[in-house]
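Chemist: Quick one: the structure is below, and I'll ask about it shortly.
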Amino acid sequence: MAQIPLVDYLVLDGEPHLVARECTDCGARYFERRRSCASCGGHGEDQFRTVELPTEGELTAFTIVSFAAPGVPVPFVAAVVDCGGTSVRANIINVEPDPEHVSTGMKVQLGTYSIGADEEGTEAIAFGFEPVDPALRKASDDHQEVSA
Amino acid sequence: MSDDIWILGISMTSFGKRPESDMIDLAEEATLAALDDAGVTMADMGVLAVGNLMNAAAGVGQMLQKQVGQTGIPVYNVANACATGATALRTAMMAVKAGECDMGMAVGVEKLAGAGLLAGGSKKGDSDTWEPHGRQGAVAPLDGRVGTEIMPGVFAQIGMEYGHRYGGTSFELFARISEKNHGHSTLNPKAAYTKAMSLEQIMGDIMIAYPNTRPMCSANCDGAAAAIVVSDAKLKTMSLEQQRRAVKVSASVLTTDPWEEGCQVLPNVNTLTRNAAKQAYEQAGVGPEDLDLVELHDCFATAELVHYDNLMLCEEGGAVDFFESGAPFRDGSKPVNVSGGLQSKGHPIAATGIANIWEVCHHLRGEAGPRQIPDAKVGLAHVIGLGSACGVHILERSAA
């Protein structure tokens with residue numbers, strides 16, 4: 001089945017991983033298309049290069065959202081993960097969404113899941129981070145969405 | 001004569017559900033009260049800056065003029081997230097400082113009662129096939145899939161991040177901050193909520209985004225505030241009573257967030273607040289130890305904690321100890337949010353950045369009644385809006 005990543009900074013070829021746009025002058029990293037650098041102001045032809053992020057990281061901040069906009073399933077864990085010095089925004093997946101199972105400092109690793117297929121059968125793949133420690137993961141992986 | 005700017009008159013409407021008043025009624029109520037407080041009229045105003053976030057394109061300033069006085073003066077309609085009110089005030093002050101006029105007015109007004117979550121639920125594409133949209137090539141809405149866009153969740157993470165860095169935080173600690181502010185507002189009849197809440201009530205209420213339950217979130221409500229600013233030279237020509245009640249603006253600072261690692265992933269509300277505070281203390285020639293009271297932007301309980309540190313009310317990393325010491329309680333050494341703060345007084349967004357200055361002025365003038373902080377001479381008012389913008393004002397009692 002054909003696949004498409006939820007965002008363009010998720011790379012599905014081979015082992016799934018995230019990439020950042022890195023400023024070639026100052027090293028500032030971004031997760032979006034850019035022409036110029038908000039850190040140093042650089043805006044040359046080759047201002048940015050694509051860099052791969054490690055797939056493991058550490059949880060530095062999180063919240064458990066229980067009340068969200070219509071259409072957003074709750075509860076879910078929203079977090080910031082430090083991937084080798086680069087902060088990444090992500091959900092924590094495959095975990096019970098409660099403060100007993102989620103804590104800052106927790107080691108996490110990248111995981112992907114399908115959010116459904118479109119009319120042409122293309123499957124969209126989202127990412128999240130799950131605990132590295134299998135004991136902290138939810139017994140069954142029921143992180144599935146069906147909302148194409 | 002100096003280039004000091006003074007607050008000549010200032011007002012705040014009651015906050016809360018105000019179904020009898022529309023947005024313009026509220027703005028007018030605050031405007032007329034500020035004029036009466038200052039002992040001047042619209043004919044004395046040389047500039048008008050009006051903040052409103054939810055109808056930023058509507059021309060609320062001119063709508064207000066059509067009620068209170070069409071005198072032909074320049075109007076600035078201001079929107080700058082939750083720093084809108086502070087930005088409107090600065091706009092009026094900058095016109096006076098630039099010598100364009102000697103007196104001006106700033107108004108902030110918002111109708112928000114029952115508004116619910118103010119962000120989140122990013123838009124869906126309208127296609128039947130996955131198609132990348134926007135600057136991240138997203139094929140589906142990201143809110144709830146790649147973190148959260150709702151403010152209670154964003155600020156929850158900001159508080160949790162502080163706890164991760166320095167330790168000592170817990171759900172209960174954050175709830176106790178909220179308990180303090182809900183306790184403070186029992187003395188503020190203009191607050192949206194004036195009933196004390198127990199720790200059990202706060203922790204047992206509806207969870208919005210852990211660790212922020214509903215009473216730990218700022219209260220969406222209706223309200224307005226207005227301030228009249230005057231040049232030092234003009235004030236000296238006015239009555240002794242006006243000079244005595246005038247409050248000196250010792251510092252007025254507005255900052256945005258400088259680039260730092262991660263600042264576009266989770267908003268960094270710390271550095272721009274610390275930068276604003278540093279500049280304000282320098283401008284005013286006072287330090288945090290000189291402050292008799294502080295009104296800071298407790299949009300969520302988790303936010304209040306980090307701003308103890310950002311405003312340098314404590315040592316770096318010492319916000320938990322600062323709270324545990326009792327300092328920010330109204331009978332403590334550094335009272336914070338004696339109005340009840342945004343969690344209990346309420347947060348009609350554009351009004352907030354003037355209402356917090358009204359609170360400080362009230363104490364500096366010795367007019368705060370039962371909640372008066374005795375012999376208050378210097379106070380600080382802080383707001384922050386995501387995006388980000390931070391306003392800090394330091395105010396001093398008149399020597400006259």
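Each chain in the structure tokens gets a letter, A, B, ..., in the order shown, and its residues are numbered from 1; ligands are numbered from 1 in order too.
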For chain B, list the residues within 6 Å of chain A, counting only C-alpha atoms, and write the list as JSON, numbers by chain.

Modeler: {"B": [120, 121, 129, 135, 136, 137, 138, 139, 144, 146, 147, 148, 153, 156, 157, 160, 161, 164, 208, 209, 210, 259, 262, 265]}

Chemist: Out of stretch 96-283 of chain B, which residues get helix (DSSP H, G or I) from DSSP, as a ChimeraX atom specification?

Modeler: /B:96-97,134-136,151-166,171-187,199-204,214-216,232-235,240-245,270-283

Chemist: With only C-alpha atoms as the counted atoms, please give the residues lying no more than 6 Å from B:Ala301, apart from itself and same-chain residues fewer than 4 positions off, as JSON, numbers by chain.

Modeler: {"B": [174, 178, 216]}

Chemist: What does the distance between atom CA of B:Cys314 and atom CA of B:Val338 come to in Å, to one decimal place?

Modeler: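 Between atom CA of B:Cys314 and atom CA of B:Val338 the gap works out to 18.1 Å.
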
Chemist: From stretch 47-234 of chain B, collect each residue whose DSSP state is strand (DSSP E or B) and return the set as a PyMOL selection string.

Modeler: chain B and resi 48-51+75-78+80+82+103-110+133+138+207-210+212-213+217+222-231

Chemist: Report, in Å with one decimal, the straight-line distance from atom CA of B:Trp130 to atom CA of B:Leu266.

Modeler: 26.8 Å

Chemist: Using only C-alpha atoms, determine which residues lie at most 8 Å from stretch 328-336 of chain B, disregarding the query and same-chain residues fewer than 2 positions distant; provide the list as a PyMOL selection string.

Modeler: chain B and resi 180+184+291-296+313+322-323+326+338+373

Chemist: Could those residues be written to a file, using C-alpha atoms, as a PDB file, in the first residue's frame?

Modeler:
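Once everything was written out, this is selection-v4.pdb:
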ATOM      1  CA  LYS B 180      -3.771  31.185  46.769  1.00  0.00           C
ATOM      2  CA  HIS B 184      -7.017  36.450  47.197  1.00  0.00           C
ATOM      3  CA  LEU B 291       8.564  45.712  44.957  1.00  0.00           C
ATOM      4  CA  ASP B 292       5.653  45.898  47.380  1.00  0.00           C
ATOM      5  CA  LEU B 293       3.341  43.915  45.096  1.00  0.00           C
ATOM      6  CA  VAL B 294       3.383  42.113  41.759  1.00  0.00           C
ATOM      7  CA  GLU B 295       0.568  41.364  39.346  1.00  0.00           C
ATOM      8  CA  LEU B 296       1.931  38.705  37.002  1.00  0.00           C
ATOM      9  CA  LEU B 313      11.426  37.488  42.550  1.00  0.00           C
ATOM     10  CA  PHE B 322       9.773  30.980  46.945  1.00  0.00           C
ATOM     11  CA  PHE B 323       6.187  29.749  46.901  1.00  0.00           C
ATOM     12  CA  GLY B 326       4.734  31.974  51.715  1.00  0.00           C
ATOM     13  CA  VAL B 338      -3.593  39.983  45.305  1.00  0.00           C
ATOM     14  CA  ILE B 373      -1.160  46.118  50.758  1.00  0.00           C
TER      15      ILE B 373
END

Chemist: Looking at only C-alpha atoms, which of B:Val249, B:Ile150, B:Ala351, B:Val286 is the one that sits closest to B:Val230?

Modeler: B:Val249

Chemist: Write out as a PyMOL selection string the residues lying within 8 Å of stretch 102-114 of chain B, counting only C-alpha atoms and excluding same-chain residues fewer than 5 positions away.

Modeler: chain B and resi 16-18+22-23+26-27+30-31+44-54+84-85+88-89+91-93+95-96+220-231+234+348-354

Chemist: Take the residues from that selection and write them out as a compact mmCIF listing (two decimals), in the first residue's frame, keeping C-alpha atoms.

Modeler:
# COMPACT_ATOMS: atom_id res chain seq x y z
CA GLY B 16 -17.24 38.21 34.70
CA LYS B 17 -20.42 37.49 32.77
CA ARG B 18 -21.75 40.85 31.61
CA ASP B 22 -21.92 44.64 24.69
CA MET B 23 -18.28 45.22 23.82
CA LEU B 26 -17.88 47.83 28.38
CA ALA B 27 -15.26 49.99 26.64
CA ALA B 30 -14.14 51.90 31.44
CA THR B 31 -13.42 55.06 29.41
CA ASP B 44 -8.13 66.75 26.65
CA MET B 45 -6.99 63.54 24.94
CA GLY B 46 -4.42 63.80 22.15
CA VAL B 47 -4.30 60.12 21.28
CA LEU B 48 -6.44 57.02 21.80
CA ALA B 49 -5.16 53.44 21.67
CA VAL B 50 -7.76 50.69 21.93
CA GLY B 51 -6.90 47.04 22.39
CA ASN B 52 -9.22 44.21 21.44
CA LEU B 53 -8.11 40.79 20.28
CA MET B 54 -11.23 38.93 19.18
CA THR B 84 -2.68 43.69 23.89
CA GLY B 85 -3.65 45.93 26.82
CA ALA B 88 -2.16 49.82 23.88
CA LEU B 89 -0.94 51.59 27.01
CA THR B 91 1.16 53.17 22.32
CA ALA B 92 -0.48 56.07 24.15
CA MET B 93 2.65 56.63 26.25
CA ALA B 95 2.80 59.39 21.59
CA VAL B 96 3.13 61.50 24.76
CA ASN B 220 -12.64 33.65 30.05
CA CYS B 221 -14.87 36.57 30.88
CA ASP B 222 -16.11 40.01 29.85
CA GLY B 223 -14.41 43.16 30.98
CA ALA B 224 -12.63 46.38 30.13
CA ALA B 225 -10.04 48.70 31.60
CA ALA B 226 -8.81 52.16 30.65
CA ALA B 227 -5.94 54.42 31.60
CA ILE B 228 -5.11 58.08 30.99
CA VAL B 229 -1.46 59.01 30.70
CA VAL B 230 -0.03 62.50 31.02
CA SER B 231 3.36 64.14 30.55
CA LYS B 234 1.32 68.86 31.88
CA PRO B 348 -10.74 39.39 29.31
CA ILE B 349 -7.64 39.30 27.15
CA ALA B 350 -7.15 42.88 25.92
CA ALA B 351 -8.31 44.35 29.23
CA THR B 352 -5.82 42.34 31.28
CA GLY B 353 -2.71 44.40 30.49
CA ILE B 354 -4.41 47.56 31.81

Chemist: So, counting only C-alpha atoms, which residue among B:Val40, B:Val68, B:Ile384, B:Met151 is closest to B:Thr255?

Modeler: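 Looking only at the distances to B:Thr255, the closest residue turns out to be B:Ile384.
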
Chemist: One decimal, Å: what's the distance from atom CA of A:Lys138 over to atom CA of A:Thr112, could you say?

Modeler: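 A separation of 15.1 Å between them.
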